[in-house]
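Peer 1: Mind looking over this structure? Questions follow.
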Amino acid sequence: MALLKPFSKLPGLNTAIILLVENEEKLQLRLGDALLKETSVVVNVRLAKSLPLPVNERRPRIDLVVFIINLTSEPSFQSAEASLKYLDPGYFLGKVCFMVTKARNASVPTRRLDAVRMLAASLHCPLLFAEDQTPEGVFGAADRLLTILKGAAGLVPFTTPLYLSHLTRCTLPPDVDQPSFD
Amino acid sequence: MAASSDSSESDQLRPSDQSVSCRSGNRSMRVAENERRKKAEEPFVLALKYFSDVQTGTPVTGNDEFEKNLVLVERVAYSNGLSPEAISIMLEFAMSLRMGSSPCVRVLKCLLPSSVVPQEAVVRGVVWLNVGKMPITTQVLFLKWVLTVFDMIDAKDQLRAVYGFIFSFITEENLCPFVCHLLYLLTRKESVRAFRVRKLMDLQSKLGRQPFLLHLLSLYKVFSPELVALSVPSRVKSGFKNHNSPWKVALAAVQRRNGAQIASAISLALPVGDRTSSRKRKHGHLQIPVLTSVTNKQPHTEQNSRKKLIPLVQIQSFDQLLKTMHQIELPAQMGSLLGSGLALQYLDCVQEESALLRLNFWLGCALQEEFLFGSDDDAAHIPEETLQFLDKLLSAQHFLQEGFSSSDAFLYKFLNVWDGSLMRPQILGLLSNIPVIPALHLGKLLFEPLTQLFFTSSLFFKCGLMECLNSMLVKWLTWHSVYALEDDLDISLGSHTSVNMTLSGFKDSVMELVHFVGRLASVGLQLEGCHTLLLSFVLDFYGTVCDTFLKFGLPLVVMPPAGVFYPAFFAADPISLDRLAHIMHRYRVNLTSAKNQEKATEAFHISRQTFQEFNHYLVFMVNCLWNSRMFKPGMDVRLSEELLQKSNVPQYWTRFDLIHHPALMSYAFDFHQKCWPGRKEMDLNSIKHLKPWSWYLQYLFNQGFDGLKDFFQSNINQQLTVDDGQGDSQQR
């Protein structure tokens, strides 16, 4: 039940390690496959259903933790929320991101989307939306994760994960529907 | 009624079929099939007969005959849809509650028209509503059905004639949203009366600011502004959410199955041969409806309209449109305007606000309900339909040269859930059509979602967004140059959007946008290692920015941030350097002309700081390229003498002059070889002598570096040896 720590181990040369946490295990495998297509750096993908991870001394240092939340299911959100406390605070300096699927679905209660947004905004993490229905959507999502991953693993010159997360972190959107808005 | 018409149809068919079958044996097969089909239809005809003749008070429970017949009708309805006559019979049966209200609901649910819905049936249904023994939920169901099939009702004149009657249902609280929607679709100028407005206002004070009331009131206000003294917010929460999606899905399925028949039925209904209806129709939620008319069969029955109205669909040419401009009747389904060039011409010329209001309303619903929050099942086949739809929308917007407010509102929402790749070209295209937003709202509506997308996406998205923001800026500036009023420099933006903006407000918005792009570009270039492609799009943007004063008449000049200027200057490719030089040249021309005009008219003021920034960059560029004095005190690029000595770079101060700049060095080599072909040793410094230097310049300018040419011609004043850059950039 140990905390996952971002800086307890040395990084590998030209290597980035990403951990995909998804309760439903629907998207993570396809996403992992798409991530592995990257050739410019060595990408190492690890999958988990939830945190905490079992104790394993040989686990390399993880550069980015991605929580995948299916907006149509409440357990998916609750599991991600519960997993958060098994992360070392150091992760929240640019090494955590949330990825939401099915946000355009009619059956999504708006309050759940707001709750996810609040969560991401309060933790200063980026919130990505993914179209998991189509292969192009999965590929696009993997592409964006790689952009963040390279930054988080320190592979982009002149930038740090913290700097990047300052630019990409989630903010609360305005209520466009408000009648006062003119 | 149905039975007779059906049999007469088959009677007409039979002789011709028989005569054909004499000629070819193959045809006799078809006759046999026809016979078989006719036999299959017969029970259905009998079933309809049962429903038209059934006595009041016949029990439902345990009535096998009833059950059998209804199942039969349901099967036909879900597979092929019901003919107009069948609709009439079944609707009459249901609404009269001859067998109580439980079969009524079941019948209503299966009322899927195969072609059109007869108006008389709907009017009779409305009349039955008033009999009073119908449960309220069933009444709501009926109204929902009418709204769902509204566009398939063959004419609307009789429905309009009972406008007042329908209006009276508005007091019923549960029916009110649906009645409002129906009225919204039926309302014309003649329908707007003071007493109706009063009633609606009463209701509003009772029920609160309900979106459905607001929508109807806003339409009333468009028709008769003098009657409605109410400030309607420009963006009302999307109002009527009454369409029943299972119905729509079933309807779409029925239509898909017998698409050909419908198309032919429509072309029959319209004697005017129009291309649009004979074209193969795409069936889906997001299709653009075919332009059909709601022709009034008997125009004289309308007491209120004094002039004859001509449906838009009957207009064939632009000439005809001009002649009949004031008698045009809009189609029932406003979305069909998007697909027709003439209809768009009409929208553009007439600037009729009610037409735009209705179009916006339809568009808002279509985008919001079907696209933004679509159902999950048809996710697989959404893209193609949606692409076509959005392309149509885009081309309509390009034609009108402005966006629709509902698509803007949709975009503001959509950007917050966009993954950055779904239909990227279309979304970015729509985004670039967004009208000027007050600076106050820019950040929340656009900049925050775009920042998050920009920095988490690939290089190509970054380039795409840069291009989109550039074209957005160009459109804003063009609007300004078209709509700016001469006298007070105030502008009213867009003839259709009622956004009025002061010049300073507009300037603030433009400035916000330019600064925002500056921030994106600086950090983006840094993250992408000053990628040449991204740099090129950034320079495109500044190519627009540097000309705001002369090209668009906006007294505003914004300099690029250091994060853009220096990467462009130090770029290893000559194109970027040349474009930067061109941009600096245009800045100079704009600033000089603004300064002169400012002195003459004193109508505006360009800030001192802008001139300082410009001079700063200019001095740096001239010092580096021309004077070979790169590290002067006071410049942005500062390195200590000691460090430079240690670096062992020979003549480090010349490294970015016209000869040694990494982007131009290959040209210097080439020139050297051409100038002194016999020389064994390359000595680039020998180009610096008076004569070779002017030849070298000539050589460079002949390579197509017009930007550099303009830059040096305007900044160097033909003095070949200049001591100090400051002498050349004294203007302020």
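Simple scheme: letters A, B, ... for chains in structure tokens order, numbers from 1 for residues in each chain, numbers from 1 for ligands in the order shown.
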I'd like the neighbourhood of Leu162 (chain A) as a list in words, where a residue qualifies if any of its atoms comes within 7 Å (using only C-alpha atoms), though same-chain residues fewer than 4 positions away should be ignored.
Peer 2: Leu93, Gly94 and His166 of chain A
Peer 1: Any idea which chain A residues end up within 9 Å of chain B if we count only C-alpha atoms, as a PyMOL selection string please?
Peer 2: chain A and resi 100+102-108+126-131+133-134+136-137+140-141+143-148+151+156-159+164+167-182
Peer 1: Please, what distance in Å, to one decimal, runs between CA of Ala48 (chain A) and CA of Tyr163 (chain A)?
Peer 2: 27.2 Å
Peer 1: Any idea what's packed within 9 Å of Leu357 (chain B), counting only C-alpha atoms, ignoring anything in its chain fewer than 5 positions away? Could you give it as a list in words?
Peer 2: Ser218, Leu219, Val222, Glu352 and Trp362 of chain B
Peer 1: Next, the residues of the selection above should be written as a PDB file, in the first residue's frame with C-alpha atoms.
Peer 2:
ATOM      1  CA  SER B 218     -38.431  36.700 -28.917  1.00  0.00           C
ATOM      2  CA  LEU B 219     -40.066  35.618 -32.159  1.00  0.00           C
ATOM      3  CA  VAL B 222     -39.011  40.186 -34.097  1.00  0.00           C
ATOM      4  CA  GLU B 352     -35.084  39.400 -42.388  1.00  0.00           C
ATOM      5  CA  TRP B 362     -33.001  25.022 -35.974  1.00  0.00           C
TER       6      TRP B 362
END
Peer 1: Nearest to Leu113 (chain A) among A:Val96, A:Tyr91, A:Leu71, A:Lys85, with distances taken over only C-alpha atoms: which residue is it?
Peer 2: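 That would be A:Leu71, the residue with the smallest distance to Leu113 (chain A).
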Peer 1: If we count only C-alpha atoms, what is near Ser8 (chain A) at a cut-off of 12 Å, once residues fewer than 2 positions away on the same chain are taken out, given as a VMD selection string?
Peer 2: chain A and resid 3 to 6 10 to 11 57 to 63 88 90 to 91
Peer 1: Which one is closest to Ile315 (chain B): B:Ile136, B:Ile659, B:Leu337, B:Ala343? Count only C-alpha atoms.
Peer 2: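 Among the listed residues, the smallest separation from Ile315 (chain B) belongs to B:Ala343.
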Peer 1: Tell me, as a PyMOL selection string, which residues lie within 9 Å of Ser50 (chain A), counting only C-alpha atoms; anything in the same chain fewer than 5 positions away does not count.
Peer 2: chain A and resi 21-23+67+79-80+82-83
Peer 1: Find the residue from A:Glu38, A:Asp33, A:Glu74, A:Asp114 that sits nearest to Val138 (chain A); use only C-alpha atoms when measuring.
Peer 2: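 Answer, going by the shortest atom-to-atom distance: A:Asp33.
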Peer 1: If you count only C-alpha atoms, which residues fall within 12 Å of region 118-122 of chain B, apart from same-chain ones fewer than 5 positions away, as a PyMOL selection string?
Peer 2: chain B and resi 82-96+111+113+127-129+142-143+145-147+149-162+166+294+296-297
